[in-house]
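Chemist: I'd like to ask you about the structure that follows.
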Amino acid sequence: MPESVLITGGAGFIGRHLSAELLRRGYHVRVLDSLIEQVHGNGKGGHTGGAEALPPEVEFQAGDVRDGDAVARALRGIDRVVHLAAEVGVGQSMYAVERYVSVNDCGTAVLFQQLIEAPVKRVVVASSMSIYGEGLYRTADGGTAEEVVRRLRRPGEPWDPLDAQGQPMRPIPTPETKRPALASVYALTKYMQERLTLTLAPAYGMEGVALRLWNAYGPGQALSNPYTGVLAIFAARLLNGQPPMIFEDGEQRRDFVHVEDVAQAFALALEHPAAAGQVYNVGSGEDRTVREVAQLLARAMGREAIEPEVTGQARLGDIRHCIADIGKIRRELGYAPRRDFAEGLAELAAWVAEQQAIDRVAEARRELEARGLVA
Ligand code: UD1
């Protein structure tokens, strides 16, 4: 009999790609998902749609991960769990505090409450690079700075953090050993999810694994969710003939990893004997600025005539730079990112061209501004 995997939040962007990957690997896949409107929509254009967008072989159960009965039902006959159900917006987490803590942390607590009664072999949780806060930096004299905290910036000051001598520092790849620095409600909730998994799984004879994801992108992103990842937001703007809105000066760095590579990382984390009890960074191993990805995406979509708008304002809770050191997952699990960024963008552009997107970015920005969360 094939093993059965439950993916919580599996009808989302990453869950769908992971479902397809796990089916290819011969698993039976069950998805528990509450299909929240911000992501899945209400039948209007641009949302990811609901369960019908999952591969047909997937067994779908509608339900909230905070509902113990729904989780108990979903766990029946399950061998392994991937826990993806979560709220995902860093900016939004700074005002929708109760909702983020409830879904992300109470959700994980309810899941484990049920797992105590019905243990599985392994639980893999989606954590985030957000837990690092600022990544590692190289100081002007060649040292390493681990405890960089972003200060409120006065007009005219540089965006990049400075070392003790007032010299600008350069971001360097951040390994799993960097101490967490929890700079947003989102980061706090993700760290709690990670720790709950790594603390409770072994206490009940299960194996826990946490993956710290960088910025996942690819076809199937929620284009009409203004709190989704930056590439989807830019794509929705460009599709509607609007300029991408770039926060800060656009020189902030991230690692954009294709969703199929993320699915590969989850499959390895679910199967590989070495993964038990571990945390792993998941990225592409290449870093880019937000300004660069805005330009490359506009070109891929044939909209290079639309100049991005650089706002010169930062979102509260955002970090400046964090780039991934993926050495550990490469070495221990044999992870190898396969998707080239230029090809990935071309594929994203082709997919976006077939979609409709409701542009809610200005609305979302007003929400943040009204609460003093951009400065
Ligand atoms: C994202 C994910 C988070 C995930 C993390 C892992 C979302 C909503 N957030 O957070 O769930 O854990 O990656 O790396 O998917 N930006 C703009 N203009 C915009 C929107 C964003 O310039 O319209 C900038 C932001 O200021 C930031 C960068 O783009 O500097 C990335 O923002 P975002 O895509 O929200 O990602 P993260 O905060 O990195």
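Chain lettering (A, B, ...) mirrors the order of the structure tokens, residue numbering begins at 1 for each chain separately, and ligand numbering begins at 1 in order of display.
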Can you pull out every residue within 10 Å of Gly77 of chain A, counting only C-alpha atoms, but drop anything in the same chain fewer than 3 positions away, and send it as a ChimeraX atom specification?

Modeler: /A:3-6,73-74,80,118,120

Chemist: Restrict the selected residues to N, CA and C atoms and save them as a PDB file, in the first residue's frame.

Modeler:
```
ATOM      1  N   GLU A   3       2.115   4.909   0.936  1.00  0.00           N
ATOM      2  CA  GLU A   3       1.958   5.725   2.144  1.00  0.00           C
ATOM      3  C   GLU A   3       1.045   6.915   1.855  1.00  0.00           C
ATOM      4  N   SER A   4       0.369   7.399   2.908  1.00  0.00           N
ATOM      5  CA  SER A   4      -0.538   8.535   2.746  1.00  0.00           C
ATOM      6  C   SER A   4       0.053   9.770   3.413  1.00  0.00           C
ATOM      7  N   VAL A   5      -0.014  10.891   2.693  1.00  0.00           N
ATOM      8  CA  VAL A   5       0.497  12.157   3.216  1.00  0.00           C
ATOM      9  C   VAL A   5      -0.661  13.143   3.332  1.00  0.00           C
ATOM     10  N   LEU A   6      -0.766  13.798   4.483  1.00  0.00           N
ATOM     11  CA  LEU A   6      -1.714  14.902   4.642  1.00  0.00           C
ATOM     12  C   LEU A   6      -0.961  16.214   4.456  1.00  0.00           C
ATOM     13  N   ARG A  73     -10.268  14.030  11.661  1.00  0.00           N
ATOM     14  CA  ARG A  73     -10.755  13.326  10.457  1.00  0.00           C
ATOM     15  C   ARG A  73      -9.667  13.263   9.392  1.00  0.00           C
ATOM     16  N   ALA A  74      -8.990  14.387   9.225  1.00  0.00           N
ATOM     17  CA  ALA A  74      -7.978  14.462   8.172  1.00  0.00           C
ATOM     18  C   ALA A  74      -6.784  13.556   8.464  1.00  0.00           C
ATOM     19  N   ARG A  80       2.344  10.502   7.083  1.00  0.00           N
ATOM     20  CA  ARG A  80       3.237  11.674   7.179  1.00  0.00           C
ATOM     21  C   ARG A  80       2.423  12.938   6.943  1.00  0.00           C
ATOM     22  N   ALA A 118      -3.063  10.530  17.446  1.00  0.00           N
ATOM     23  CA  ALA A 118      -2.906   9.744  16.207  1.00  0.00           C
ATOM     24  C   ALA A 118      -1.549  10.059  15.586  1.00  0.00           C
ATOM     25  N   VAL A 120       2.023  10.187  13.642  1.00  0.00           N
ATOM     26  CA  VAL A 120       2.468   9.792  12.305  1.00  0.00           C
ATOM     27  C   VAL A 120       3.980   9.600  12.349  1.00  0.00           C
TER      28      VAL A 120
END
```

Chemist: Counting only C-alpha atoms and all ligand atoms, name the residues that have an atom within 6 Å of an atom of ligand 1; the answer should be given as a ChimeraX atom specification.

Modeler: /A:88-90,128-130,213-215,227-230,233,245-247,252,290,315,318

Chemist: If we count only C-alpha atoms, what is near Thr199 of chain A at a cut-off of 12 Å, once residues fewer than 4 positions away on the same chain are taken out, given as a PyMOL selection string?

Modeler: chain A and resi 109+112+123+191-195+203-210+277-278

Chemist: Using only N, CA and C atoms, please write the residues we just selected to a file, as a CSV table (one decimal), in the first residue's frame.

Modeler:
```
chain,number,residue,atom,x,y,z
A,109,ALA,N,-0.9,24.3,17.2
A,109,ALA,CA,-1.2,23.6,18.5
A,109,ALA,C,-2.3,22.6,18.3
A,112,PHE,N,-1.1,19.5,16.6
A,112,PHE,CA,-0.3,18.6,17.5
A,112,PHE,C,-1.2,18.0,18.5
A,123,VAL,N,6.5,14.8,10.6
A,123,VAL,CA,5.8,16.1,10.3
A,123,VAL,C,6.8,17.1,9.8
A,191,TYR,N,8.3,31.1,13.9
A,191,TYR,CA,9.3,30.5,14.8
A,191,TYR,C,8.5,29.6,15.8
A,192,MET,N,7.4,30.0,16.3
A,192,MET,CA,6.6,29.2,17.2
A,192,MET,C,6.2,27.9,16.5
A,193,GLN,N,5.8,28.0,15.3
A,193,GLN,CA,5.4,26.7,14.5
A,193,GLN,C,6.5,25.8,14.4
A,194,GLU,N,7.7,26.4,14.2
A,194,GLU,CA,8.9,25.5,14.0
A,194,GLU,C,9.2,24.8,15.3
A,195,ARG,N,9.2,25.6,16.4
A,195,ARG,CA,9.6,25.1,17.7
A,195,ARG,C,8.5,24.1,18.2
A,203,ALA,N,8.7,14.1,21.2
A,203,ALA,CA,8.1,13.8,22.5
A,203,ALA,C,7.1,12.7,22.4
A,204,TYR,N,6.6,12.5,21.1
A,204,TYR,CA,5.5,11.5,20.9
A,204,TYR,C,5.9,10.5,19.8
A,205,GLY,N,7.3,10.3,19.7
A,205,GLY,CA,7.8,9.2,18.8
A,205,GLY,C,7.7,9.6,17.4
A,206,MET,N,7.5,10.9,17.0
A,206,MET,CA,7.5,11.3,15.6
A,206,MET,C,8.7,12.0,15.3
A,207,GLU,N,9.0,12.2,14.0
A,207,GLU,CA,10.1,12.9,13.5
A,207,GLU,C,9.6,14.3,13.0
A,208,GLY,N,10.3,15.4,13.5
A,208,GLY,CA,9.9,16.7,13.1
A,208,GLY,C,11.0,17.3,12.2
A,209,VAL,N,10.6,18.0,11.2
A,209,VAL,CA,11.5,18.7,10.3
A,209,VAL,C,11.0,20.1,10.0
A,210,ALA,N,11.8,21.1,10.0
A,210,ALA,CA,11.3,22.5,9.6
A,210,ALA,C,12.1,23.0,8.4
A,277,GLY,N,14.5,15.8,12.8
A,277,GLY,CA,14.9,16.7,13.9
A,277,GLY,C,15.7,17.9,13.4
A,278,GLN,N,15.8,18.1,12.1
A,278,GLN,CA,16.6,19.2,11.5
A,278,GLN,C,15.8,20.4,11.0
```

Chemist: Using DSSP on the backbone coordinates, identify all residues within segment 135-317 of chain A classified as strand (DSSP E or B); present the result as a PyMOL selection string.

Modeler: chain A and resi 136-138+144-145+162+168+170-172+174+207-213+215-217+245-246+253-254+256-258+279-282+288-289+309-310+315

Chemist: One number please: atom CA of Pro161 of chain A to atom CA of Val148 of chain A, in Å, one decimal.

Modeler: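 So the answer is 7.4 Å.
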
Chemist: Just give me the gap between atom CA of Arg138 of chain A and atom CA of Arg170 of chain A in Å, one decimal is fine.

Modeler: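 These atoms are spaced 5.1 Å apart.
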
Chemist: Of the candidates A:Ala11, A:Leu231, A:Ala357, A:Val352, which one gets nearest to His40 of chain A if we count only C-alpha atoms?

Modeler: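 Going through A:Ala11, A:Leu231, A:Ala357, A:Val352 one by one, the smallest distance to His40 of chain A is for A:Ala11.
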
Chemist: Could you give me, as JSON, numbers by chain, each residue of segment 37-179 of chain A that DSSP assigns to helix (DSSP H, G or I) when run on this structure's backbone?

Modeler: {"A": [37, 38, 39, 40, 51, 52, 53, 68, 69, 70, 71, 72, 73, 74, 75, 90, 91, 92, 93, 97, 98, 99, 100, 101, 102, 103, 104, 105, 106, 107, 108, 109, 110, 111, 112, 113, 114, 115, 116, 117, 129, 130, 131, 132]}

Chemist: Please report the interatomic distance between atom CA of Pro273 of chain A and atom CA of Arg122 of chain A in Å with one decimal.

Modeler: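 A separation of 10.3 Å between them.
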
Chemist: List as a list in words the protein and nucleic acid residues near Gly107 of chain A, meaning an atom at most 9 Å away when only C-alpha atoms are counted, but skip any in the same chain fewer than 5 places from it.

Modeler: Asp64, Val65, Arg66, Asp67, Ala85, Ala86, Val101, Ser102, Phe112 and Gln193 of chain A

Chemist: Go ahead and dump the residues you just picked, N, CA and C atoms, as a compact mmCIF listing (two decimals), in the first residue's frame.

Modeler:
```txt
# COMPACT_ATOMS: atom_id res chain seq x y z
N ASP A 64 -10.83 23.87 8.68
CA ASP A 64 -9.86 24.79 9.27
C ASP A 64 -8.92 24.00 10.17
N VAL A 65 -7.64 24.34 10.11
CA VAL A 65 -6.65 23.60 10.90
C VAL A 65 -6.83 23.88 12.41
N ARG A 66 -7.63 24.89 12.76
CA ARG A 66 -7.91 25.14 14.19
C ARG A 66 -9.11 24.34 14.69
N ASP A 67 -9.73 23.58 13.80
CA ASP A 67 -10.90 22.78 14.17
C ASP A 67 -10.43 21.34 14.46
N ALA A 85 -0.62 25.08 6.26
CA ALA A 85 -1.73 26.02 6.53
C ALA A 85 -1.23 27.19 7.36
N ALA A 86 -1.30 28.40 6.80
CA ALA A 86 -0.80 29.58 7.51
C ALA A 86 -1.21 30.85 6.79
N VAL A 101 -1.73 35.11 14.75
CA VAL A 101 -1.35 34.25 15.87
C VAL A 101 -2.31 33.07 15.96
N SER A 102 -3.58 33.34 15.70
CA SER A 102 -4.58 32.28 15.79
C SER A 102 -4.33 31.20 14.73
N PHE A 112 -1.07 19.48 16.59
CA PHE A 112 -0.30 18.58 17.46
C PHE A 112 -1.17 17.95 18.55
N GLN A 193 5.76 27.97 15.25
CA GLN A 193 5.37 26.75 14.51
C GLN A 193 6.55 25.77 14.44
```

Chemist: Excluding same-chain residues fewer than 3 positions from segment 254-271 of chain A, what lies within 7 Å of it counting only C-alpha atoms, as a CSV table (one decimal) with all heavy atoms, in the first residue's frame?

Modeler:
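After the write, result_37.csv holds the following:
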```csv
chain,number,residue,atom,x,y,z
A,14,ILE,N,2.0,26.6,-2.9
A,14,ILE,CA,3.0,25.6,-2.7
A,14,ILE,C,2.4,24.2,-2.6
A,14,ILE,O,2.9,23.2,-3.2
A,14,ILE,CB,3.9,25.9,-1.4
A,14,ILE,CG1,4.7,27.2,-1.7
A,14,ILE,CG2,4.8,24.7,-1.1
A,14,ILE,CD1,5.5,27.7,-0.5
A,17,HIS,N,1.7,22.4,-6.0
A,17,HIS,CA,2.9,21.9,-6.6
A,17,HIS,C,3.4,20.7,-5.9
A,17,HIS,O,3.9,19.7,-6.5
A,17,HIS,CB,3.9,23.0,-6.8
A,17,HIS,CG,3.6,24.0,-7.8
A,17,HIS,ND1,4.0,23.9,-9.1
A,17,HIS,CD2,2.9,25.2,-7.7
A,17,HIS,CE1,3.5,24.9,-9.8
A,17,HIS,NE2,2.9,25.7,-9.0
A,18,LEU,N,3.3,20.8,-4.5
A,18,LEU,CA,3.8,19.7,-3.7
A,18,LEU,C,2.9,18.4,-3.9
A,18,LEU,O,3.4,17.3,-4.0
A,18,LEU,CB,3.9,20.1,-2.2
A,18,LEU,CG,4.3,19.0,-1.3
A,18,LEU,CD1,5.7,18.4,-1.7
A,18,LEU,CD2,4.3,19.5,0.2
A,21,GLU,N,4.0,16.7,-7.0
A,21,GLU,CA,5.3,16.0,-6.8
A,21,GLU,C,5.1,14.7,-6.0
A,21,GLU,O,5.7,13.7,-6.3
A,21,GLU,CB,6.2,17.0,-6.1
A,21,GLU,CG,7.6,16.5,-5.6
A,21,GLU,CD,8.5,16.1,-6.8
A,21,GLU,OE1,8.3,16.7,-7.9
A,21,GLU,OE2,9.3,15.2,-6.7
A,22,LEU,N,4.3,14.8,-4.9
A,22,LEU,CA,4.1,13.6,-4.1
A,22,LEU,C,3.3,12.5,-4.8
A,22,LEU,O,3.6,11.3,-4.7
A,22,LEU,CB,3.4,14.0,-2.8
A,22,LEU,CG,4.3,14.9,-1.9
A,22,LEU,CD1,3.5,15.1,-0.6
A,22,LEU,CD2,5.6,14.3,-1.5
A,122,ARG,N,6.3,11.3,10.4
A,122,ARG,CA,7.1,12.5,10.3
A,122,ARG,C,6.2,13.7,10.0
A,122,ARG,O,5.2,13.5,9.3
A,122,ARG,CB,8.1,12.3,9.2
A,122,ARG,CG,9.0,13.5,9.1
A,122,ARG,CD,10.1,13.2,8.0
A,122,ARG,NE,11.2,12.3,8.5
A,122,ARG,CZ,12.3,12.2,7.9
A,122,ARG,NH1,12.6,12.8,6.8
A,122,ARG,NH2,13.3,11.3,8.4
A,124,VAL,N,6.5,17.6,8.6
A,124,VAL,CA,7.4,18.7,8.1
A,124,VAL,C,6.6,20.0,8.1
A,124,VAL,O,5.5,20.1,7.6
A,124,VAL,CB,7.8,18.3,6.6
A,124,VAL,CG1,8.8,19.4,6.1
A,124,VAL,CG2,8.5,17.0,6.6
A,209,VAL,N,10.6,18.0,11.2
A,209,VAL,CA,11.5,18.7,10.3
A,209,VAL,C,11.0,20.1,10.0
A,209,VAL,O,9.7,20.3,9.8
A,209,VAL,CB,11.7,18.0,8.9
A,209,VAL,CG1,12.8,18.6,8.1
A,209,VAL,CG2,11.9,16.5,9.1
A,214,TRP,N,12.8,30.7,1.6
A,214,TRP,CA,12.9,32.0,1.0
A,214,TRP,C,11.7,32.3,0.1
A,214,TRP,O,10.7,31.6,0.2
A,214,TRP,CB,14.3,32.1,0.3
A,214,TRP,CG,15.3,32.8,1.2
A,214,TRP,CD1,15.7,34.1,1.0
A,214,TRP,CD2,16.0,32.3,2.3
A,214,TRP,NE1,16.6,34.4,2.0
A,214,TRP,CE2,16.8,33.3,2.8
A,214,TRP,CE3,16.1,31.0,2.9
A,214,TRP,CZ2,17.7,33.1,3.9
A,214,TRP,CZ3,16.9,30.9,4.0
A,214,TRP,CH2,17.7,31.9,4.5
A,215,ASN,N,11.9,33.3,-0.8
A,215,ASN,CA,10.7,33.8,-1.5
A,215,ASN,C,10.3,32.9,-2.7
A,215,ASN,O,11.0,32.9,-3.7
A,215,ASN,CB,11.0,35.2,-2.0
A,215,ASN,CG,11.4,36.1,-0.9
A,215,ASN,OD1,12.3,35.9,-0.1
A,215,ASN,ND2,10.6,37.2,-0.7
A,216,ALA,N,9.3,32.1,-2.5
A,216,ALA,CA,8.8,31.1,-3.5
A,216,ALA,C,8.1,31.9,-4.6
A,216,ALA,O,7.3,32.8,-4.3
A,216,ALA,CB,7.9,30.1,-2.9
A,217,TYR,N,8.3,31.5,-5.8
A,217,TYR,CA,7.5,32.1,-6.9
A,217,TYR,C,7.2,31.1,-8.0
A,217,TYR,O,7.9,30.0,-8.0
A,217,TYR,CB,8.3,33.3,-7.6
A,217,TYR,CG,9.4,32.8,-8.5
A,217,TYR,CD1,9.2,32.7,-9.9
A,217,TYR,CD2,10.6,32.3,-8.0
A,217,TYR,CE1,10.1,32.2,-10.7
A,217,TYR,CE2,11.6,31.8,-8.9
A,217,TYR,CZ,11.4,31.8,-10.2
A,217,TYR,OH,12.3,31.3,-11.1
A,218,GLY,N,6.3,31.4,-8.9
A,218,GLY,CA,6.0,30.5,-10.0
A,218,GLY,C,4.5,30.5,-10.3
A,218,GLY,O,3.7,31.3,-9.7
A,275,ALA,N,16.9,13.8,7.7
A,275,ALA,CA,16.2,15.1,8.0
A,275,ALA,C,15.6,15.1,9.3
A,275,ALA,O,15.3,16.2,9.8
A,275,ALA,CB,15.2,15.3,6.9
A,282,VAL,N,15.8,26.8,2.5
A,282,VAL,CA,15.4,26.4,1.2
A,282,VAL,C,15.4,27.7,0.3
A,282,VAL,O,14.6,28.6,0.5
A,282,VAL,CB,14.0,25.7,1.1
A,282,VAL,CG1,13.6,25.4,-0.3
A,282,VAL,CG2,14.0,24.5,2.0
A,283,GLY,N,16.3,27.7,-0.6
A,283,GLY,CA,16.4,28.9,-1.6
A,283,GLY,C,16.9,28.4,-2.9
A,283,GLY,O,17.0,27.2,-3.1
A,284,SER,N,17.3,29.3,-3.8
A,284,SER,CA,17.9,28.9,-5.0
A,284,SER,C,19.4,29.0,-5.0
A,284,SER,O,20.1,28.5,-5.8
A,284,SER,CB,17.4,29.9,-6.1
A,284,SER,OG,18.0,31.2,-5.9
A,285,GLY,N,19.9,29.7,-3.9
A,285,GLY,CA,21.3,29.9,-3.8
A,285,GLY,C,21.8,31.1,-4.6
A,285,GLY,O,23.0,31.4,-4.6
A,286,GLU,N,20.9,31.8,-5.2
A,286,GLU,CA,21.2,33.1,-6.0
A,286,GLU,C,20.4,34.2,-5.4
A,286,GLU,O,19.2,34.1,-5.1
A,286,GLU,CB,20.8,33.0,-7.4
A,286,GLU,CG,21.7,32.0,-8.2
A,286,GLU,CD,21.2,31.8,-9.6
A,286,GLU,OE1,20.3,32.6,-10.1
A,286,GLU,OE2,21.6,30.9,-10.3
A,287,ASP,N,21.0,35.4,-5.2
A,287,ASP,CA,20.3,36.5,-4.6
A,287,ASP,C,20.1,37.6,-5.7
A,287,ASP,O,21.0,37.8,-6.5
A,287,ASP,CB,20.9,37.0,-3.4
A,287,ASP,CG,22.3,37.4,-3.5
A,287,ASP,OD1,23.2,36.5,-3.7
A,287,ASP,OD2,22.6,38.6,-3.6
A,288,ARG,N,19.0,38.4,-5.5
A,288,ARG,CA,18.8,39.5,-6.5
A,288,ARG,C,18.1,40.6,-5.7
A,288,ARG,O,17.5,40.4,-4.7
A,288,ARG,CB,17.7,39.0,-7.5
A,288,ARG,CG,18.3,37.9,-8.4
A,288,ARG,CD,17.2,37.3,-9.2
A,288,ARG,NE,17.6,35.9,-9.5
A,288,ARG,CZ,18.6,35.7,-10.4
A,288,ARG,NH1,19.1,36.6,-11.2
A,288,ARG,NH2,19.0,34.4,-10.6
A,289,THR,N,18.2,41.8,-6.3
A,289,THR,CA,17.5,42.9,-5.7
A,289,THR,C,16.0,43.0,-6.2
A,289,THR,O,15.7,42.4,-7.3
A,289,THR,CB,18.1,44.3,-6.1
A,289,THR,OG1,17.9,44.5,-7.5
A,289,THR,CG2,19.6,44.3,-5.7
A,321,HIS,N,18.0,42.9,4.1
A,321,HIS,CA,18.6,41.9,3.2
A,321,HIS,C,18.5,40.6,4.0
A,321,HIS,O,18.8,40.5,5.2
A,321,HIS,CB,20.0,42.1,2.9
A,321,HIS,CG,20.3,43.4,2.2
A,321,HIS,ND1,19.9,43.7,1.0
A,321,HIS,CD2,21.1,44.5,2.6
A,321,HIS,CE1,20.3,44.9,0.6
A,321,HIS,NE2,21.1,45.4,1.6
A,322,CYS,N,18.2,39.5,3.3
A,322,CYS,CA,18.5,38.2,3.8
A,322,CYS,C,18.7,37.3,2.6
A,322,CYS,O,17.8,37.1,1.8
A,322,CYS,CB,17.4,37.7,4.7
A,322,CYS,SG,17.9,36.2,5.7
A,323,ILE,N,19.9,36.6,2.5
A,323,ILE,CA,20.1,35.7,1.4
A,323,ILE,C,20.5,34.4,2.0
A,323,ILE,O,21.0,34.2,3.1
A,323,ILE,CB,21.1,36.3,0.4
A,323,ILE,CG1,22.5,36.5,1.0
A,323,ILE,CG2,20.6,37.6,-0.2
A,323,ILE,CD1,23.5,37.2,0.1
A,324,ALA,N,20.2,33.3,1.2
A,324,ALA,CA,20.2,32.0,1.7
A,324,ALA,C,21.6,31.3,1.5
A,324,ALA,O,22.2,31.3,0.5
A,324,ALA,CB,19.2,31.1,1.0
A,333,LEU,N,20.7,16.4,2.3
A,333,LEU,CA,19.5,15.7,1.7
A,333,LEU,C,19.7,15.6,0.1
A,333,LEU,O,18.8,15.1,-0.5
A,333,LEU,CB,18.2,16.5,2.0
A,333,LEU,CG,17.9,16.8,3.4
A,333,LEU,CD1,16.5,17.5,3.5
A,333,LEU,CD2,18.0,15.6,4.3
A,335,TYR,N,19.5,18.1,-2.0
A,335,TYR,CA,18.7,19.1,-2.7
A,335,TYR,C,19.5,19.8,-3.8
A,335,TYR,O,20.7,20.1,-3.5
A,335,TYR,CB,18.2,20.0,-1.7
A,335,TYR,CG,17.6,21.3,-2.2
A,335,TYR,CD1,16.3,21.3,-2.8
A,335,TYR,CD2,18.2,22.5,-2.1
A,335,TYR,CE1,15.7,22.5,-3.2
A,335,TYR,CE2,17.7,23.7,-2.6
A,335,TYR,CZ,16.4,23.7,-3.2
A,335,TYR,OH,15.8,24.8,-3.6
A,337,PRO,N,18.6,22.8,-6.6
A,337,PRO,CA,17.7,23.6,-7.3
A,337,PRO,C,17.9,23.5,-8.8
A,337,PRO,O,19.0,23.6,-9.3
A,337,PRO,CB,17.9,25.1,-6.8
A,337,PRO,CG,19.2,25.0,-6.0
A,337,PRO,CD,19.5,23.6,-5.7
A,338,ARG,N,16.8,23.2,-9.5
A,338,ARG,CA,16.9,22.9,-10.9
A,338,ARG,C,16.4,24.1,-11.8
A,338,ARG,O,16.7,24.1,-13.0
A,338,ARG,CB,16.0,21.7,-11.3
A,338,ARG,CG,16.5,20.5,-10.5
A,338,ARG,CD,15.8,19.2,-11.1
A,338,ARG,NE,16.0,18.1,-10.3
A,338,ARG,CZ,15.1,17.6,-9.5
A,338,ARG,NH1,13.9,18.0,-9.5
A,338,ARG,NH2,15.4,16.6,-8.7
A,339,ARG,N,15.6,25.0,-11.3
A,339,ARG,CA,14.9,25.9,-12.2
A,339,ARG,C,15.7,27.2,-12.3
A,339,ARG,O,16.0,27.9,-11.3
A,339,ARG,CB,13.5,26.2,-11.6
A,339,ARG,CG,12.6,25.0,-11.6
A,339,ARG,CD,12.5,24.4,-13.0
A,339,ARG,NE,12.0,25.3,-13.9
A,339,ARG,CZ,10.7,25.5,-14.3
A,339,ARG,NH1,9.8,24.8,-13.8
A,339,ARG,NH2,10.4,26.5,-15.1
A,344,GLY,N,12.2,30.6,-15.3
A,344,GLY,CA,11.1,30.6,-14.4
A,344,GLY,C,10.2,31.9,-14.6
A,344,GLY,O,9.0,31.8,-14.5
```

Chemist: Could you check the closest approach to Pro158 of chain A for each of A:His28, A:Arg320, A:Lys121, A:Arg365 and tell me which residue wins, using only C-alpha atoms?

Modeler: A:Arg320

Chemist: Compile the contact shell of Lys328 of chain A as a ChimeraX atom specification: residues with an atom at most 9 Å away, counting only C-alpha atoms, same-chain residues fewer than 4 positions apart removed.

Modeler: /A:175-176,280-281,332-333

Chemist: Export, as a compact mmCIF listing (two decimals), in the first residue's frame, the selected residues with N, CA, C and O atoms.

Modeler:
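Saved file again.txt follows:
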```txt
# COMPACT_ATOMS: atom_id res chain seq x y z
N PRO A 175 23.43 31.02 7.17
CA PRO A 175 23.21 29.59 7.45
C PRO A 175 22.21 29.39 8.59
O PRO A 175 21.85 30.34 9.29
N GLU A 176 21.77 28.16 8.79
CA GLU A 176 20.76 27.82 9.80
C GLU A 176 21.25 28.14 11.20
O GLU A 176 20.45 28.26 12.14
N TYR A 280 16.22 23.28 7.83
CA TYR A 280 16.96 23.52 6.59
C TYR A 280 16.49 24.80 5.92
O TYR A 280 15.28 25.05 5.81
N ASN A 281 17.44 25.57 5.42
CA ASN A 281 17.12 26.69 4.53
C ASN A 281 16.74 26.15 3.16
O ASN A 281 17.35 25.18 2.68
N GLU A 332 23.17 17.38 3.06
CA GLU A 332 22.54 16.32 3.86
C GLU A 332 21.40 15.62 3.14
O GLU A 332 21.17 14.44 3.34
N LEU A 333 20.66 16.36 2.30
CA LEU A 333 19.49 15.74 1.66
C LEU A 333 19.65 15.60 0.14
O LEU A 333 18.78 15.06 -0.53
```

Chemist: Which polymer residues have any atom within 9 Å of an atom of Tyr132 of chain A, counting only C-alpha atoms, with same-chain residues fewer than 4 positions away left out, as a list of chain:residue names?

Modeler: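 Contacts, with the query itself left out: A:Ser128, A:Leu136, A:Thr174, A:Glu176, A:Lys178, A:Arg179, A:Pro180, A:Ala181, A:Leu182, A:Ala183, A:Ala187, A:Cys322.
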
Chemist: When distances are computed from only C-alpha atoms, which of A:Ala353, A:Val82, A:Met94, A:Ile326 shows the smallest separation from Ala236 of chain A?

Modeler: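 Of all the options, A:Ala353 lies closest to Ala236 of chain A.
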